[in-house]
Amino acid sequence: MKILVVDDFSTMRRIVRNLLVELGFSNPLIQEADDGNAALTMLKANAFDMVVTDWNMPNMTGIELLQAIRAEPKLKGLPVLMVTAENNREQIIAAAQAGVNGYIVKPFTAITLKEKLDKIFERLAASGASA
Amino acid sequence: MTATMTAVLNDGLPAEVRALLDSTDGAAFEQALDSMVRQREQHLFRALGVLARDLHGAVCRLGSDLANEGVPESMTDARNYLAEVLDMSSKAAHRSLDFVDRMRPEAEALSANAVAVLDFNSSETDPAAVLARQAQVFANACAEGLNDMVLVQSWQDLAGQRVKKVVSFIESVESSLLELVRLTGALAGREAPVEVAKVASQDEVDRLLSEFGF
């Protein structure tokens with residue numbers, strides 16, 4: 001599964017990559033982008049299966065990236081998991097309204113990440129089966 | 001309004017205002033009013049300029065104070081210092097992650113070797129088997145500890161985000177103050193310099209403040 005990890009902090013990109021590998025995802029298939037703009041360019045150029053993004057980033061934030069993904073016919077069905085320090089109600093609601101598939105508040109554990117990923121895949125499988 | 005009432009009201013007013021109200025010359029009235037308003041704006045303008053200069057000076061001084069306290073590289077202002085904090089904490093976090101990357105395979109290998117020994121010799125009393133069992137427990141505890149260590153590094157990102165917010169707050173206060181100086185300067189009859197969308201560099205800030213004599 002090809003995953004794009006988007007965060008302006010290289011530490012966080014490395015941590016998320018580390019956790020994904022620990023959960024059994026293939027390391028070479030994980031790619032990284034340091035803001036929403038870079039991520040969007042990569043998503044348009046190559047097929048990815050999932051995006052794990054931060055909220056606070058320069059140039060293009062995570063919520064703007066999510067909106068751009070949902071507005072792009074080729075990308076709109078892409079699962080997006082938000083991993084962010086933003087935990088106020090309004091922001092969580094905004095992410096939900098923009099069509100986020102999962103929302104994790106930092107700092108988080110590998111178990112939380114696994115739970116959210118499992119839930120995303122369960123829902124996708126269910127919607128795929130009913131379609 | 002009766003003459004008595006006007007007199008009562010006028011009593012509480014400064015002499016200049018009383019003179020203005022009593023004046024019958026329309027042009028002189030306008031002129032005097034303009035000059036009073038301009039005087040007030042000048043005060044506001046000066047206060048804002050001093051405030052902007054103080055803030056700018058404090059931001060710069062903080063950096064040089066810290067540099068004098070033995071921080072290795074010379075830094076020009078507080079923003080650079082905060083950027084340095086971010087950089088240092090990021091390097092430290094990466095070094096810890098490097099350590100995890102190095103130790104994880106070691107722990108996995110130790111665990112696999114212990115299993116191989118136990119497959120061959122699962123005695124409860126033989127020292128080699130006892131040691132293999134202990135090695136396995138140790139390797140598993142290490143793997144768990146290393147995972148925790150990875151997660152703990154995410155605090156670098158959280159702390160870093162707060163530092164970034166402080167940097168952008170300082171910048172926004174500074175540029176709002178400068179924008180106020182610019183606008184108030186224009187109101188106070190000085191020519192407004194070309195609008196500076198984002199006053200980021202030290203030079204730009206210094207230039208704008210000195211254009212207004214601060």
# chains A, B, ... in the order shown; residues from 1 in each chain; ligands from 1
$ interface_residues --of "chain A" --to "chain B" --cutoff "9 Å" --atoms "only C-alpha atoms" --output "number ranges by chain"
A: 9-12, 14-16, 18-19, 22, 56, 85, 106-110
$ residues_around --residues "range 140-142 of chain B" --least-positions-apart "4" --cutoff "10 Å" --atoms "only C-alpha atoms" --output "NGL selection string"
:B and (100 or 103-104 or 106-108 or 110-111 or 135-136 or 146-148)
$ closest_residue --among "A:Ala94, A:Leu113, A:Ala38, A:Ala125" --to "Leu20 in chain A" --atoms "only C-alpha atoms"
A:Leu113
$ closest_residue --among "A:Ile63, A:Lys114, A:Lys74, A:Gln31" --to "Ile93 in chain A" --atoms "only C-alpha atoms"
A:Ile63
$ residues_around --residues "Phe48 in chain A" --least-positions-apart "5" --cutoff "10 Å" --atoms "only C-alpha atoms" --output "ChimeraX atom specification"
/A:1-4,29-31,42-43,75,78-79
$ write_last_selection --atoms "C-alpha atoms" --output "compact mmCIF listing (two decimals), in the first residue's frame"
# COMPACT_ATOMS: atom_id res chain seq x y z
CA MET A 1 0.00 0.00 0.00
CA LYS A 2 1.42 3.38 -1.06
CA ILE A 3 1.15 5.94 1.72
CA LEU A 4 2.03 9.66 1.65
CA LEU A 29 6.20 2.39 -0.35
CA ILE A 30 5.93 5.22 2.19
CA GLN A 31 6.73 8.65 0.78
CA MET A 42 2.94 14.22 -5.62
CA LEU A 43 -0.64 12.95 -5.37
CA LEU A 75 -8.28 12.06 -5.92
CA LEU A 78 -8.49 8.90 -1.36
CA PRO A 79 -8.54 8.05 2.38
$ select_by_dssp --residues "chain A" --states "helix (DSSP H, G or I)" --output "MDAnalysis selection string"
chainID A and resid 10:22 27:29 36:45 62:71 89:97 110:130
$ write_last_selection --atoms "C-alpha atoms" --output "PDB file, in the first residue's frame"
ATOM      1  CA  SER A  10      10.977  15.889   9.667  1.00  0.00           C
ATOM      2  CA  THR A  11      10.911  14.284  13.136  1.00  0.00           C
ATOM      3  CA  MET A  12       7.178  13.691  12.908  1.00  0.00           C
ATOM      4  CA  ARG A  13       7.396  12.307   9.367  1.00  0.00           C
ATOM      5  CA  ARG A  14      10.011   9.867  10.583  1.00  0.00           C
ATOM      6  CA  ILE A  15       7.940   8.860  13.629  1.00  0.00           C
ATOM      7  CA  VAL A  16       4.795   8.245  11.554  1.00  0.00           C
ATOM      8  CA  ARG A  17       6.853   6.263   9.021  1.00  0.00           C
ATOM      9  CA  ASN A  18       8.391   4.256  11.854  1.00  0.00           C
ATOM     10  CA  LEU A  19       4.969   3.462  13.317  1.00  0.00           C
ATOM     11  CA  LEU A  20       3.505   2.504   9.948  1.00  0.00           C
ATOM     12  CA  VAL A  21       6.412   0.122   9.332  1.00  0.00           C
ATOM     13  CA  GLU A  22       5.902  -1.322  12.805  1.00  0.00           C
ATOM     14  CA  ASN A  27       8.852   1.092   4.231  1.00  0.00           C
ATOM     15  CA  PRO A  28       9.844   1.694   0.566  1.00  0.00           C
ATOM     16  CA  LEU A  29       6.200   2.392  -0.351  1.00  0.00           C
ATOM     17  CA  GLY A  36       0.221  20.508   1.425  1.00  0.00           C
ATOM     18  CA  ASN A  37       1.464  21.975  -1.864  1.00  0.00           C
ATOM     19  CA  ALA A  38       4.242  19.431  -2.241  1.00  0.00           C
ATOM     20  CA  ALA A  39       1.812  16.674  -1.255  1.00  0.00           C
ATOM     21  CA  LEU A  40      -0.785  17.712  -3.826  1.00  0.00           C
ATOM     22  CA  THR A  41       1.829  17.732  -6.608  1.00  0.00           C
ATOM     23  CA  MET A  42       2.944  14.222  -5.615  1.00  0.00           C
ATOM     24  CA  LEU A  43      -0.640  12.954  -5.374  1.00  0.00           C
ATOM     25  CA  LYS A  44      -1.446  14.278  -8.862  1.00  0.00           C
ATOM     26  CA  ALA A  45       1.693  12.736 -10.361  1.00  0.00           C
ATOM     27  CA  GLY A  62      -3.633  19.959   6.122  1.00  0.00           C
ATOM     28  CA  ILE A  63      -7.267  21.082   5.960  1.00  0.00           C
ATOM     29  CA  GLU A  64      -6.603  22.915   2.686  1.00  0.00           C
ATOM     30  CA  LEU A  65      -4.917  19.791   1.345  1.00  0.00           C
ATOM     31  CA  LEU A  66      -7.935  17.716   2.380  1.00  0.00           C
ATOM     32  CA  GLN A  67     -10.290  20.165   0.633  1.00  0.00           C
ATOM     33  CA  ALA A  68      -8.099  20.136  -2.490  1.00  0.00           C
ATOM     34  CA  ILE A  69      -8.099  16.319  -2.522  1.00  0.00           C
ATOM     35  CA  ARG A  70     -11.896  16.171  -2.203  1.00  0.00           C
ATOM     36  CA  ALA A  71     -12.275  18.777  -4.976  1.00  0.00           C
ATOM     37  CA  ARG A  89     -13.993  21.260  18.567  1.00  0.00           C
ATOM     38  CA  GLU A  90     -14.298  23.667  15.654  1.00  0.00           C
ATOM     39  CA  GLN A  91     -11.261  22.234  13.910  1.00  0.00           C
ATOM     40  CA  ILE A  92     -12.362  18.634  14.353  1.00  0.00           C
ATOM     41  CA  ILE A  93     -15.796  19.565  12.976  1.00  0.00           C
ATOM     42  CA  ALA A  94     -14.185  21.416  10.048  1.00  0.00           C
ATOM     43  CA  ALA A  95     -12.098  18.342   9.229  1.00  0.00           C
ATOM     44  CA  ALA A  96     -15.169  16.100   9.434  1.00  0.00           C
ATOM     45  CA  GLN A  97     -17.129  18.430   7.181  1.00  0.00           C
ATOM     46  CA  ALA A 110       0.914   3.018  17.893  1.00  0.00           C
ATOM     47  CA  ILE A 111      -2.273   1.383  19.197  1.00  0.00           C
ATOM     48  CA  THR A 112      -4.335   4.519  18.438  1.00  0.00           C
ATOM     49  CA  LEU A 113      -2.839   4.704  14.953  1.00  0.00           C
ATOM     50  CA  LYS A 114      -3.659   1.046  14.350  1.00  0.00           C
ATOM     51  CA  GLU A 115      -7.242   1.461  15.587  1.00  0.00           C
ATOM     52  CA  LYS A 116      -7.887   4.437  13.315  1.00  0.00           C
ATOM     53  CA  LEU A 117      -6.316   2.754  10.288  1.00  0.00           C
ATOM     54  CA  ASP A 118      -8.339  -0.428  10.893  1.00  0.00           C
ATOM     55  CA  LYS A 119     -11.512   1.631  11.145  1.00  0.00           C
ATOM     56  CA  ILE A 120     -10.724   3.452   7.885  1.00  0.00           C
ATOM     57  CA  PHE A 121     -10.126   0.175   6.041  1.00  0.00           C
ATOM     58  CA  GLU A 122     -13.250  -1.432   7.546  1.00  0.00           C
ATOM     59  CA  ARG A 123     -15.420   1.464   6.370  1.00  0.00           C
ATOM     60  CA  LEU A 124     -13.797   1.472   2.933  1.00  0.00           C
ATOM     61  CA  ALA A 125     -14.367  -2.273   2.590  1.00  0.00           C
ATOM     62  CA  ALA A 126     -18.002  -1.861   3.672  1.00  0.00           C
ATOM     63  CA  SER A 127     -18.648   0.997   1.237  1.00  0.00           C
ATOM     64  CA  GLY A 128     -16.832  -0.943  -1.512  1.00  0.00           C
ATOM     65  CA  ALA A 129     -19.003  -3.998  -0.835  1.00  0.00           C
ATOM     66  CA  SER A 130     -22.254  -2.046  -0.863  1.00  0.00           C
TER      67      SER A 130
END
$ atom_distance --atom1 "CA of Ser26 in chain A" --atom2 "CA of Val51 in chain A"
14.6 Å
$ residues_around --residues "Val52 in chain A" --least-positions-apart "2" --cutoff "7 Å" --atoms "only C-alpha atoms" --output "list in words"
Leu4, Val5, Val6, Met50, Val80, Leu81, Met82 and Val83 of chain A
$ write_last_selection --atoms "N, CA and C atoms" --output "PDB file, in the first residue's frame"
ATOM      1  N   LEU A   4       1.306   8.379   1.646  1.00  0.00           N
ATOM      2  CA  LEU A   4       2.027   9.660   1.655  1.00  0.00           C
ATOM      3  C   LEU A   4       1.895  10.290   3.051  1.00  0.00           C
ATOM      4  N   VAL A   5       3.043  10.552   3.676  1.00  0.00           N
ATOM      5  CA  VAL A   5       3.066  11.169   5.008  1.00  0.00           C
ATOM      6  C   VAL A   5       3.411  12.651   4.837  1.00  0.00           C
ATOM      7  N   VAL A   6       2.499  13.535   5.298  1.00  0.00           N
ATOM      8  CA  VAL A   6       2.698  14.972   5.093  1.00  0.00           C
ATOM      9  C   VAL A   6       2.844  15.688   6.439  1.00  0.00           C
ATOM     10  N   MET A  50      -3.240   6.091   0.386  1.00  0.00           N
ATOM     11  CA  MET A  50      -3.671   6.777   1.606  1.00  0.00           C
ATOM     12  C   MET A  50      -2.769   7.971   1.895  1.00  0.00           C
ATOM     13  N   VAL A  80      -7.985   9.923   3.841  1.00  0.00           N
ATOM     14  CA  VAL A  80      -7.087  10.899   4.476  1.00  0.00           C
ATOM     15  C   VAL A  80      -7.206  10.774   5.993  1.00  0.00           C
ATOM     16  N   LEU A  81      -6.070  10.528   6.634  1.00  0.00           N
ATOM     17  CA  LEU A  81      -6.022  10.466   8.100  1.00  0.00           C
ATOM     18  C   LEU A  81      -5.280  11.694   8.593  1.00  0.00           C
ATOM     19  N   MET A  82      -5.916  12.444   9.481  1.00  0.00           N
ATOM     20  CA  MET A  82      -5.274  13.642   9.997  1.00  0.00           C
ATOM     21  C   MET A  82      -4.619  13.339  11.345  1.00  0.00           C
ATOM     22  N   VAL A  83      -3.345  13.702  11.449  1.00  0.00           N
ATOM     23  CA  VAL A  83      -2.600  13.500  12.691  1.00  0.00           C
ATOM     24  C   VAL A  83      -2.128  14.880  13.128  1.00  0.00           C
TER      25      VAL A  83
END
$ select_by_dssp --residues "range 42-122 of chain A" --states "strand (DSSP E or B)" --output "list in words"
Met50, Val51, Val52, Thr53, Val80, Leu81, Met82, Val83, Thr84, Gly102, Tyr103, Ile104 and Val105 of chain A
$ write_last_selection --atoms "all heavy atoms" --output "short mmCIF file (atom, residue, chain, number, x, y, z; two decimals), in the first residue's frame"
data_model
loop_
_atom_site.label_atom_id
_atom_site.label_comp_id
_atom_site.auth_asym_id
_atom_site.auth_seq_id
_atom_site.Cartn_x
_atom_site.Cartn_y
_atom_site.Cartn_z
N MET A 50 -3.24 6.09 0.39
CA MET A 50 -3.67 6.78 1.61
C MET A 50 -2.77 7.97 1.90
O MET A 50 -1.59 7.98 1.51
CB MET A 50 -3.64 5.82 2.79
CG MET A 50 -4.32 6.42 4.01
SD MET A 50 -4.50 5.28 5.36
CE MET A 50 -2.84 4.96 5.77
N VAL A 51 -3.36 8.99 2.58
CA VAL A 51 -2.58 10.16 3.00
C VAL A 51 -2.69 10.29 4.51
O VAL A 51 -3.79 10.20 5.06
CB VAL A 51 -3.12 11.45 2.34
CG1 VAL A 51 -2.37 12.68 2.84
CG2 VAL A 51 -3.03 11.38 0.82
N VAL A 52 -1.54 10.47 5.17
CA VAL A 52 -1.53 10.77 6.61
C VAL A 52 -0.96 12.18 6.71
O VAL A 52 0.19 12.41 6.35
CB VAL A 52 -0.64 9.78 7.39
CG1 VAL A 52 -0.63 10.13 8.88
CG2 VAL A 52 -1.13 8.35 7.19
N THR A 53 -1.80 13.14 7.15
CA THR A 53 -1.32 14.53 7.13
C THR A 53 -1.48 15.27 8.45
O THR A 53 -2.41 15.02 9.22
CB THR A 53 -2.00 15.34 6.01
OG1 THR A 53 -1.46 16.66 5.99
CG2 THR A 53 -3.51 15.44 6.19
N VAL A 80 -7.98 9.92 3.84
CA VAL A 80 -7.09 10.90 4.48
C VAL A 80 -7.21 10.77 5.99
O VAL A 80 -8.30 10.89 6.55
CB VAL A 80 -7.43 12.34 4.04
CG1 VAL A 80 -6.55 13.35 4.78
CG2 VAL A 80 -7.26 12.51 2.54
N LEU A 81 -6.07 10.53 6.63
CA LEU A 81 -6.02 10.47 8.10
C LEU A 81 -5.28 11.69 8.59
O LEU A 81 -4.17 11.98 8.14
CB LEU A 81 -5.30 9.18 8.54
CG LEU A 81 -5.00 9.03 10.03
CD1 LEU A 81 -6.29 8.95 10.84
CD2 LEU A 81 -4.17 7.78 10.29
N MET A 82 -5.92 12.44 9.48
CA MET A 82 -5.27 13.64 10.00
C MET A 82 -4.62 13.34 11.34
O MET A 82 -5.25 12.78 12.24
CB MET A 82 -6.33 14.73 10.16
CG MET A 82 -5.83 16.06 9.80
SD MET A 82 -7.17 17.03 9.17
CE MET A 82 -6.26 18.13 8.14
N VAL A 83 -3.34 13.70 11.45
CA VAL A 83 -2.60 13.50 12.69
C VAL A 83 -2.13 14.88 13.13
O VAL A 83 -1.27 15.47 12.49
CB VAL A 83 -1.39 12.58 12.46
CG1 VAL A 83 -0.58 12.42 13.74
CG2 VAL A 83 -1.83 11.22 11.96
N THR A 84 -2.75 15.43 14.18
CA THR A 84 -2.50 16.84 14.47
C THR A 84 -2.55 17.18 15.95
O THR A 84 -3.14 16.45 16.74
CB THR A 84 -3.53 17.71 13.69
OG1 THR A 84 -3.51 19.02 14.20
CG2 THR A 84 -4.93 17.16 13.83
N GLY A 102 -10.21 9.93 9.19
CA GLY A 102 -9.81 9.64 10.56
C GLY A 102 -9.08 10.84 11.13
O GLY A 102 -8.52 11.64 10.37
N TYR A 103 -9.09 10.98 12.48
CA TYR A 103 -8.49 12.15 13.10
C TYR A 103 -7.79 11.70 14.37
O TYR A 103 -8.41 11.16 15.28
CB TYR A 103 -9.61 13.15 13.42
CG TYR A 103 -9.17 14.56 13.71
CD1 TYR A 103 -9.25 15.54 12.76
CD2 TYR A 103 -8.68 14.90 14.98
CE1 TYR A 103 -8.86 16.84 13.02
CE2 TYR A 103 -8.28 16.20 15.26
CZ TYR A 103 -8.39 17.17 14.27
OH TYR A 103 -8.00 18.47 14.53
N ILE A 104 -6.47 11.91 14.43
CA ILE A 104 -5.70 11.52 15.61
C ILE A 104 -5.04 12.75 16.22
O ILE A 104 -4.44 13.56 15.50
CB ILE A 104 -4.60 10.48 15.24
CG1 ILE A 104 -5.23 9.21 14.68
CG2 ILE A 104 -3.74 10.16 16.46
CD1 ILE A 104 -4.22 8.15 14.31
N VAL A 105 -5.20 12.91 17.54
CA VAL A 105 -4.59 14.05 18.21
C VAL A 105 -3.22 13.63 18.76
O VAL A 105 -3.09 12.60 19.41
CB VAL A 105 -5.50 14.57 19.34
CG1 VAL A 105 -4.84 15.73 20.07
CG2 VAL A 105 -6.84 15.02 18.77
#
